[in-house]
Amino acid sequence: MIMQWKYLALLWFHTNWITANPIEVKPVVATEFLILHNNDMHGRFEQTNVNSESCSPEDAKSNKCFGGFARIAHEVRKYRAEAKNGGIPVFYLNAGDTYTGTAWFAVFKNKIASDFLNRLQPDATSLGNHEFDEKVEGLIPFLNDVNFPVLACNLNLTKEPAIAASKNFAHSTILDANGTKIAVIGYLTPDTKSLSIKNDVEFNEEIVSINAEAARLKAQGHRIIIALGHSGYKKDQDIAKNCPEVDIVIGGHTNTFLFNGTKPSVESIDGPYPTIITQKSGKRVLVVQAYAYTKYLGKLHVKFDKDGNLIEFDGSPILLDARVAQEKDVLDLLEMYRENITALEKSVVGHTKVYLEGRKNYCRSVECNMGNLITDAMIFSRVLEDQGGDYWTDAAIALHQGGGIRSSIDRKPDGTITQSDLLTVLPFENDLYITRITGKTLRIALERSAALRFKDSDGAFLQVSGIHVVYNPDMPEGKRVVSVQVRCADCLVPSYSYLNDSAYYKVIVPQFLVDGGDGHVLIDRVNPVSIRMQKTIVEAVRQYLQERKYIYPDVEGRIQFIGSGKSDDEKGLCFGGLGRVATVVNRARVKGATLYLKAILFTASIGKQPIRGNGQLIS
């Protein structure tokens with residue numbers, strides 16, 4: 001009898017304990033694959049230095065070079081070989097902007113882009129805004145010559161049917177992971193309309209277009225969907241939040257470096273890899289990007305259950321430094337193109353005593369000496385045309401968009417600047433124009449310049465000559481220009497006076513800005529005047545350099561800031577984010593405290609703790 005009671009008691013305890021403490025059943029992995037990805041390669045077909053500029057022979061000999069297509073090829077082929085030998089399936093995806101950025105592309109254009117991408121054999125790429133730099137006519141041959149799909153679902157091509165009819169353009173494509181179909185949808189920022197040379201492509205909003213394409217693919221039975229596109233890190237996160245069928249977002253455009261832990265090189269870390277976005281439904285969506293210029297190759301390992309739910313993930317960007325081998329066939333392909341590039345590298349056009357700063361985090365937010373050099377050369381070119389009559393010139397002001405400055409020029413031991421350097425900095429070969437605008441129009445352009453600092457499309461920030469402008473970034477948009485002084489043209493001795501909103505001024509600008517590039521309006525609406533100058537921007541800068549034994553442009557206070565001069569995040573005006581949540585949780589863990597459910601305002605006073613790819617906090 002006693003034994004029976006003991007048995008019953010044990011049975012009661014076991015049954016109730018199991019009920020109260022159910023055993024967690026781990027989801028069964030049905031699909032597993034590896035994604036290798038990169039973006040914004042910008043013509044870096046050859047290895048570069050640590051700042052993604054031309055790699056000198058000295059750096060190459062001392063193993064200080066990075067990236068290049070030959071290293072990408074090595075890593076992609078290595079993982080594909082492992083997959084072929086029984087490893088997990090691997091896909092290589094690219095998020096656009098292979099075009100533009102070096103002398104290699106400036107000379108060979110779409111031909112070199114298609115040849116080198118075909119060596120890498122991506123499973124799919126998206127279009128980038130720079131794929132439109134050579135007009136639609138420079139894109140069509142690329143779309144026909146590559147041997148992989150090029151994706152974008154949010155383009156209205158009614159007026160550009162040749163793109164839609166091209167061999168490899170598509171809204172989406174389907175990949176296979178051991179029998180499981182993976183859908184990949186492409187997208188491209190509508191900002192392309194103002195960032196590229198005029199064309200008749202119309203752009204639809206990304207989220208609406210992705211959701212429509214995802215619904216179509218879902219109806220066909222595809223349960224795992226990747227969005228691959230070129231709209232920037234902020235928009236990628238919006239897509240992850242608002243596209244319920246999307247599981248992974250692979251992005252580009254903002255050259256964003258996502259990483260966990262100590263940075264492996266000089267790039268600042270912009271967020272965790274992957275960035276995890278939780279939708280209202282509780283679904284987690286991964287967002288990744290891999291900086292730019294072929295320096296890194298993103299590596300994301302994911303697992304899904306039979307219903308297409310993401311259950312596990314890990315990964316990190318791979319730094320493609322000298323420890324990564326270079327594939328011989330890709331190096332051989334470089335040599336086939338090198339003869340013309342070598343001629344440019346040997347063509348000395350000038351000498352500099354100083355480093356010429358052209359990096360985007362400078363020339364798109366503050367005065368940079370490369371911007372001063374370029375705009376001064378524009379002024380000089382007009383002076384040589386001798387159209388000032390009794391005065392020194394008829395156009396004493398020049399503007400150039402920061403986004404059109406694509407690289408720095410390092411100071412070599414002999415100070416030489418080559419034609420190759422020049423084409424790397426200024427790959428667009430814009431004609432120069434004189435536009436006649438009011439002071440008010442000029443002020444509005446400067447306000448736009450200030451408003452787009454630290455934004456995804458910050459290329460609109462203007463470098464200047466003949467202007468002294470003071471900004472206060474703490475003021476609301478439209479009121480950030482504190483003062484503007486402009487240089488006189490109809491004077492015997494150039495001097496500065498305050499901008500008169502109702503007066504007219506002749507201003508030198510590249511054709512890109514005349515055409516409304518970056519959203520600027522630099523043509524008078526009532527009486528439009530635009531006079532084409534004799535030289536292109538590259539010709540003007542080359543002539544300026546050739547007229548001088550040495551140049552040594554400095555940062556001289558043409559563009560100044562009062563107030564904090566910082567972004568909203570730097571000023572402490574941003575709130576929330578997973579990083580701040582992580583900080584609060586980690587503080588509690590460190591102190592051994594108990595976490596209670598209560599409201600916490602995640603202000604800027606709370607630091608941002610990095611998060612590992614598997615969602616664990618870094619202690």
# chains A, B, ... in the order shown; residues from 1 in each chain; ligands from 1
call {"tool": "select_by_dssp", "arguments": {"residues": "segment 168-269 of chain A", "states": "alpha helix (DSSP H)", "output": "number ranges by chain"}}
result
A: 192-195, 206-219, 233-242
call {"tool": "residues_around", "arguments": {"residues": "segment 516-532 of chain A", "least_positions_apart": "2", "cutoff": "6 Å", "atoms": "only C-alpha atoms", "output": "ChimeraX atom specification"}}
result
/A:194-195,433-437,460,512-514
call {"tool": "write_last_selection", "arguments": {"atoms": "N, CA and C atoms", "output": "JSON list (two decimals), in the first residue's frame"}}
result
[["chain", "number", "residue", "atom", "x", "y", "z"],
["A", 194, "SER", "N", 17.81, 61.67, -59.43],
["A", 194, "SER", "CA", 18.57, 62.91, -59.28],
["A", 194, "SER", "C", 20.07, 62.67, -59.15],
["A", 195, "LEU", "N", 20.46, 61.41, -58.95],
["A", 195, "LEU", "CA", 21.88, 61.10, -58.76],
["A", 195, "LEU", "C", 22.59, 60.76, -60.05],
["A", 433, "TYR", "N", 29.59, 74.57, -67.19],
["A", 433, "TYR", "CA", 28.64, 75.58, -67.65],
["A", 433, "TYR", "C", 28.67, 76.78, -66.72],
["A", 434, "ILE", "N", 28.34, 77.94, -67.28],
["A", 434, "ILE", "CA", 28.08, 79.14, -66.49],
["A", 434, "ILE", "C", 26.57, 79.33, -66.46],
["A", 435, "THR", "N", 26.03, 79.38, -65.26],
["A", 435, "THR", "CA", 24.61, 79.61, -65.10],
["A", 435, "THR", "C", 24.40, 80.96, -64.42],
["A", 436, "ARG", "N", 23.36, 81.67, -64.82],
["A", 436, "ARG", "CA", 23.06, 83.00, -64.26],
["A", 436, "ARG", "C", 21.86, 82.86, -63.34],
["A", 437, "ILE", "N", 22.10, 83.01, -62.03],
["A", 437, "ILE", "CA", 21.04, 82.79, -61.04],
["A", 437, "ILE", "C", 21.01, 83.93, -60.03],
["A", 460, "ALA", "N", 25.05, 65.72, -52.40],
["A", 460, "ALA", "CA", 24.61, 67.06, -52.79],
["A", 460, "ALA", "C", 25.37, 68.16, -52.05],
["A", 512, "PHE", "N", 26.19, 68.20, -64.60],
["A", 512, "PHE", "CA", 25.35, 67.42, -63.69],
["A", 512, "PHE", "C", 24.46, 68.33, -62.85],
["A", 513, "LEU", "N", 25.01, 69.43, -62.35],
["A", 513, "LEU", "CA", 24.22, 70.36, -61.52],
["A", 513, "LEU", "C", 23.29, 71.21, -62.37],
["A", 514, "VAL", "N", 23.72, 71.58, -63.57],
["A", 514, "VAL", "CA", 22.83, 72.32, -64.47],
["A", 514, "VAL", "C", 21.58, 71.50, -64.77]]
call {"tool": "residues_around", "arguments": {"residues": "Ala106 of chain A", "least_positions_apart": "2", "cutoff": "10 Å", "atoms": "only C-alpha atoms", "output": "number ranges by chain"}}
result
A: 43, 99-104, 108-110, 112, 134, 341, 420, 423-424, 426-429
call {"tool": "select_by_dssp", "arguments": {"residues": "segment 97-193 of chain A", "states": "strand (DSSP E or B)", "output": "NGL selection string"}}
result
:A and (124-126 or 150-151 or 155-156 or 169-170 or 172-177 or 180-188)
call {"tool": "residues_around", "arguments": {"residues": "Lys479 of chain A", "least_positions_apart": "2", "cutoff": "12 Å", "atoms": "only C-alpha atoms", "output": "list in words"}}
result
Arg443, Ile444, Leu446, Glu447, Arg448, Ser449, Ala450, Ala451, Val470, Tyr471, Asn472, Pro473, Asp474, Met475, Pro476, Glu477, Val481, Val482 and Ser483 of chain A
call {"tool": "write_last_selection", "arguments": {"atoms": "N, CA and C atoms", "output": "compact mmCIF listing (two decimals), in the first residue's frame"}}
result
# COMPACT_ATOMS: atom_id res chain seq x y z
N ARG A 443 21.39 80.81 -52.44
CA ARG A 443 21.19 80.56 -51.01
C ARG A 443 20.41 79.25 -50.80
N ILE A 444 19.39 79.02 -51.63
CA ILE A 444 18.60 77.78 -51.53
C ILE A 444 19.49 76.56 -51.79
N LEU A 446 22.68 76.33 -51.20
CA LEU A 446 23.51 76.15 -50.01
C LEU A 446 22.71 75.55 -48.86
N GLU A 447 21.44 75.93 -48.74
CA GLU A 447 20.58 75.33 -47.72
C GLU A 447 20.40 73.83 -47.99
N ARG A 448 20.21 73.47 -49.24
CA ARG A 448 20.09 72.05 -49.58
C ARG A 448 21.39 71.31 -49.26
N SER A 449 22.49 71.96 -49.54
CA SER A 449 23.80 71.39 -49.22
C SER A 449 23.89 71.06 -47.74
N ALA A 450 23.44 71.99 -46.90
CA ALA A 450 23.50 71.78 -45.45
C ALA A 450 22.52 70.72 -44.99
N ALA A 451 21.34 70.68 -45.61
CA ALA A 451 20.28 69.76 -45.18
C ALA A 451 20.65 68.30 -45.41
N VAL A 470 28.70 80.32 -43.79
CA VAL A 470 28.66 79.86 -42.41
C VAL A 470 27.34 79.14 -42.20
N TYR A 471 27.42 77.89 -41.73
CA TYR A 471 26.23 77.09 -41.46
C TYR A 471 26.06 76.89 -39.95
N ASN A 472 24.80 76.76 -39.54
CA ASN A 472 24.50 76.31 -38.18
C ASN A 472 23.61 75.07 -38.28
N PRO A 473 24.18 73.88 -38.17
CA PRO A 473 23.41 72.65 -38.32
C PRO A 473 22.35 72.46 -37.24
N ASP A 474 22.44 73.22 -36.14
CA ASP A 474 21.44 73.08 -35.07
C ASP A 474 20.12 73.75 -35.42
N MET A 475 20.10 74.57 -36.44
CA MET A 475 18.88 75.24 -36.86
C MET A 475 18.03 74.30 -37.72
N PRO A 476 16.73 74.60 -37.86
CA PRO A 476 15.87 73.76 -38.70
C PRO A 476 16.30 73.83 -40.16
N GLU A 477 15.93 72.80 -40.93
CA GLU A 477 16.22 72.81 -42.36
C GLU A 477 15.61 74.05 -43.01
N VAL A 481 21.76 78.32 -43.17
CA VAL A 481 22.75 79.26 -43.71
C VAL A 481 22.71 80.53 -42.87
N VAL A 482 23.76 80.75 -42.10
CA VAL A 482 23.83 81.92 -41.22
C VAL A 482 24.27 83.14 -42.00
N SER A 483 25.29 82.99 -42.82
CA SER A 483 25.77 84.11 -43.63
C SER A 483 26.47 83.58 -44.88
call {"tool": "decode", "arguments": {"residues": "segment 103-136 of chain A", "atoms": "N, CA and C atoms", "output": "mmCIF file, in the first residue's frame"}}
result
data_model
loop_
_atom_site.group_PDB
_atom_site.id
_atom_site.type_symbol
_atom_site.label_atom_id
_atom_site.label_comp_id
_atom_site.auth_asym_id
_atom_site.auth_seq_id
_atom_site.Cartn_x
_atom_site.Cartn_y
_atom_site.Cartn_z
ATOM 1 N N ALA A 103 40.299 54.824 -62.951
ATOM 2 C CA ALA A 103 40.664 55.018 -64.358
ATOM 3 C C ALA A 103 40.313 53.785 -65.184
ATOM 4 N N TRP A 104 40.371 52.612 -64.570
ATOM 5 C CA TRP A 104 40.014 51.379 -65.281
ATOM 6 C C TRP A 104 38.610 51.500 -65.878
ATOM 7 N N PHE A 105 37.661 51.939 -65.055
ATOM 8 C CA PHE A 105 36.298 52.053 -65.578
ATOM 9 C C PHE A 105 36.162 53.262 -66.501
ATOM 10 N N ALA A 106 36.835 54.355 -66.173
ATOM 11 C CA ALA A 106 36.727 55.556 -67.008
ATOM 12 C C ALA A 106 37.144 55.271 -68.446
ATOM 13 N N VAL A 107 38.095 54.369 -68.626
ATOM 14 C CA VAL A 107 38.582 54.046 -69.970
ATOM 15 C C VAL A 107 37.729 52.967 -70.632
ATOM 16 N N PHE A 108 37.432 51.891 -69.890
ATOM 17 C CA PHE A 108 36.831 50.706 -70.520
ATOM 18 C C PHE A 108 35.336 50.543 -70.246
ATOM 19 N N LYS A 109 34.809 51.282 -69.309
ATOM 20 C CA LYS A 109 33.367 51.384 -69.049
ATOM 21 C C LYS A 109 32.688 50.018 -68.916
ATOM 22 N N ASN A 110 31.517 49.838 -69.551
ATOM 23 C CA ASN A 110 30.714 48.639 -69.316
ATOM 24 C C ASN A 110 31.448 47.347 -69.681
ATOM 25 N N LYS A 111 32.391 47.418 -70.632
ATOM 26 C CA LYS A 111 33.100 46.209 -71.079
ATOM 27 C C LYS A 111 33.911 45.600 -69.949
ATOM 28 N N ILE A 112 34.663 46.417 -69.217
ATOM 29 C CA ILE A 112 35.472 45.871 -68.130
ATOM 30 C C ILE A 112 34.582 45.418 -66.976
ATOM 31 N N ALA A 113 33.483 46.112 -66.741
ATOM 32 C CA ALA A 113 32.570 45.717 -65.665
ATOM 33 C C ALA A 113 31.972 44.341 -65.933
ATOM 34 N N SER A 114 31.497 44.108 -67.142
ATOM 35 C CA SER A 114 30.896 42.809 -67.454
ATOM 36 C C SER A 114 31.949 41.706 -67.485
ATOM 37 N N ASP A 115 33.127 41.979 -68.030
ATOM 38 C CA ASP A 115 34.177 40.962 -68.091
ATOM 39 C C ASP A 115 34.580 40.481 -66.701
ATOM 40 N N PHE A 116 34.781 41.418 -65.777
ATOM 41 C CA PHE A 116 35.249 41.030 -64.449
ATOM 42 C C PHE A 116 34.137 40.412 -63.606
ATOM 43 N N LEU A 117 32.929 40.917 -63.711
ATOM 44 C CA LEU A 117 31.832 40.293 -62.974
ATOM 45 C C LEU A 117 31.559 38.884 -63.486
ATOM 46 N N ASN A 118 31.707 38.661 -64.766
ATOM 47 C CA ASN A 118 31.524 37.309 -65.297
ATOM 48 C C ASN A 118 32.557 36.340 -64.731
ATOM 49 N N ARG A 119 33.746 36.826 -64.400
ATOM 50 C CA ARG A 119 34.745 35.965 -63.747
ATOM 51 C C ARG A 119 34.303 35.594 -62.331
ATOM 52 N N LEU A 120 33.630 36.503 -61.658
ATOM 53 C CA LEU A 120 33.158 36.223 -60.295
ATOM 54 C C LEU A 120 31.916 35.345 -60.296
ATOM 55 N N GLN A 121 31.146 35.364 -61.378
ATOM 56 C CA GLN A 121 29.934 34.562 -61.536
ATOM 57 C C GLN A 121 28.955 34.721 -60.363
ATOM 58 N N PRO A 122 28.510 35.929 -60.072
ATOM 59 C CA PRO A 122 27.493 36.078 -59.022
ATOM 60 C C PRO A 122 26.216 35.341 -59.404
ATOM 61 N N ASP A 123 25.488 34.891 -58.400
ATOM 62 C CA ASP A 123 24.194 34.254 -58.662
ATOM 63 C C ASP A 123 23.158 35.296 -59.045
ATOM 64 N N ALA A 124 23.347 36.523 -58.572
ATOM 65 C CA ALA A 124 22.488 37.644 -58.965
ATOM 66 C C ALA A 124 23.137 38.929 -58.481
ATOM 67 N N THR A 125 22.846 40.030 -59.169
ATOM 68 C CA THR A 125 23.218 41.361 -58.695
ATOM 69 C C THR A 125 21.987 42.252 -58.788
ATOM 70 N N SER A 126 22.021 43.333 -58.039
ATOM 71 C CA SER A 126 21.014 44.379 -58.248
ATOM 72 C C SER A 126 21.652 45.492 -59.070
ATOM 73 N N LEU A 127 20.821 46.329 -59.637
ATOM 74 C CA LEU A 127 21.322 47.562 -60.233
ATOM 75 C C LEU A 127 21.715 48.532 -59.123
ATOM 76 N N GLY A 128 22.726 49.368 -59.385
ATOM 77 C CA GLY A 128 23.047 50.485 -58.516
ATOM 78 C C GLY A 128 22.812 51.782 -59.263
ATOM 79 N N ASN A 129 22.755 52.895 -58.551
ATOM 80 C CA ASN A 129 22.516 54.168 -59.240
ATOM 81 C C ASN A 129 23.630 54.502 -60.228
ATOM 82 N N HIS A 130 24.875 54.083 -59.920
ATOM 83 C CA HIS A 130 25.985 54.420 -60.820
ATOM 84 C C HIS A 130 25.984 53.594 -62.102
ATOM 85 N N GLU A 131 25.189 52.554 -62.155
ATOM 86 C CA GLU A 131 25.056 51.825 -63.417
ATOM 87 C C GLU A 131 24.383 52.685 -64.493
ATOM 88 N N PHE A 132 23.840 53.840 -64.080
ATOM 89 C CA PHE A 132 23.236 54.774 -65.036
ATOM 90 C C PHE A 132 24.168 55.935 -65.386
ATOM 91 N N ASP A 133 25.425 55.894 -64.900
ATOM 92 C CA ASP A 133 26.350 57.009 -65.135
ATOM 93 C C ASP A 133 26.679 57.210 -66.607
ATOM 94 N N GLU A 134 26.630 56.147 -67.378
ATOM 95 C CA GLU A 134 26.942 56.243 -68.809
ATOM 96 C C GLU A 134 25.669 56.276 -69.647
ATOM 97 N N LYS A 135 24.600 56.790 -69.038
ATOM 98 C CA LYS A 135 23.285 56.856 -69.671
ATOM 99 C C LYS A 135 22.749 55.441 -69.901
ATOM 100 N N VAL A 136 21.525 55.354 -70.351
ATOM 101 C CA VAL A 136 20.926 54.049 -70.629
ATOM 102 C C VAL A 136 21.726 53.322 -71.711
#
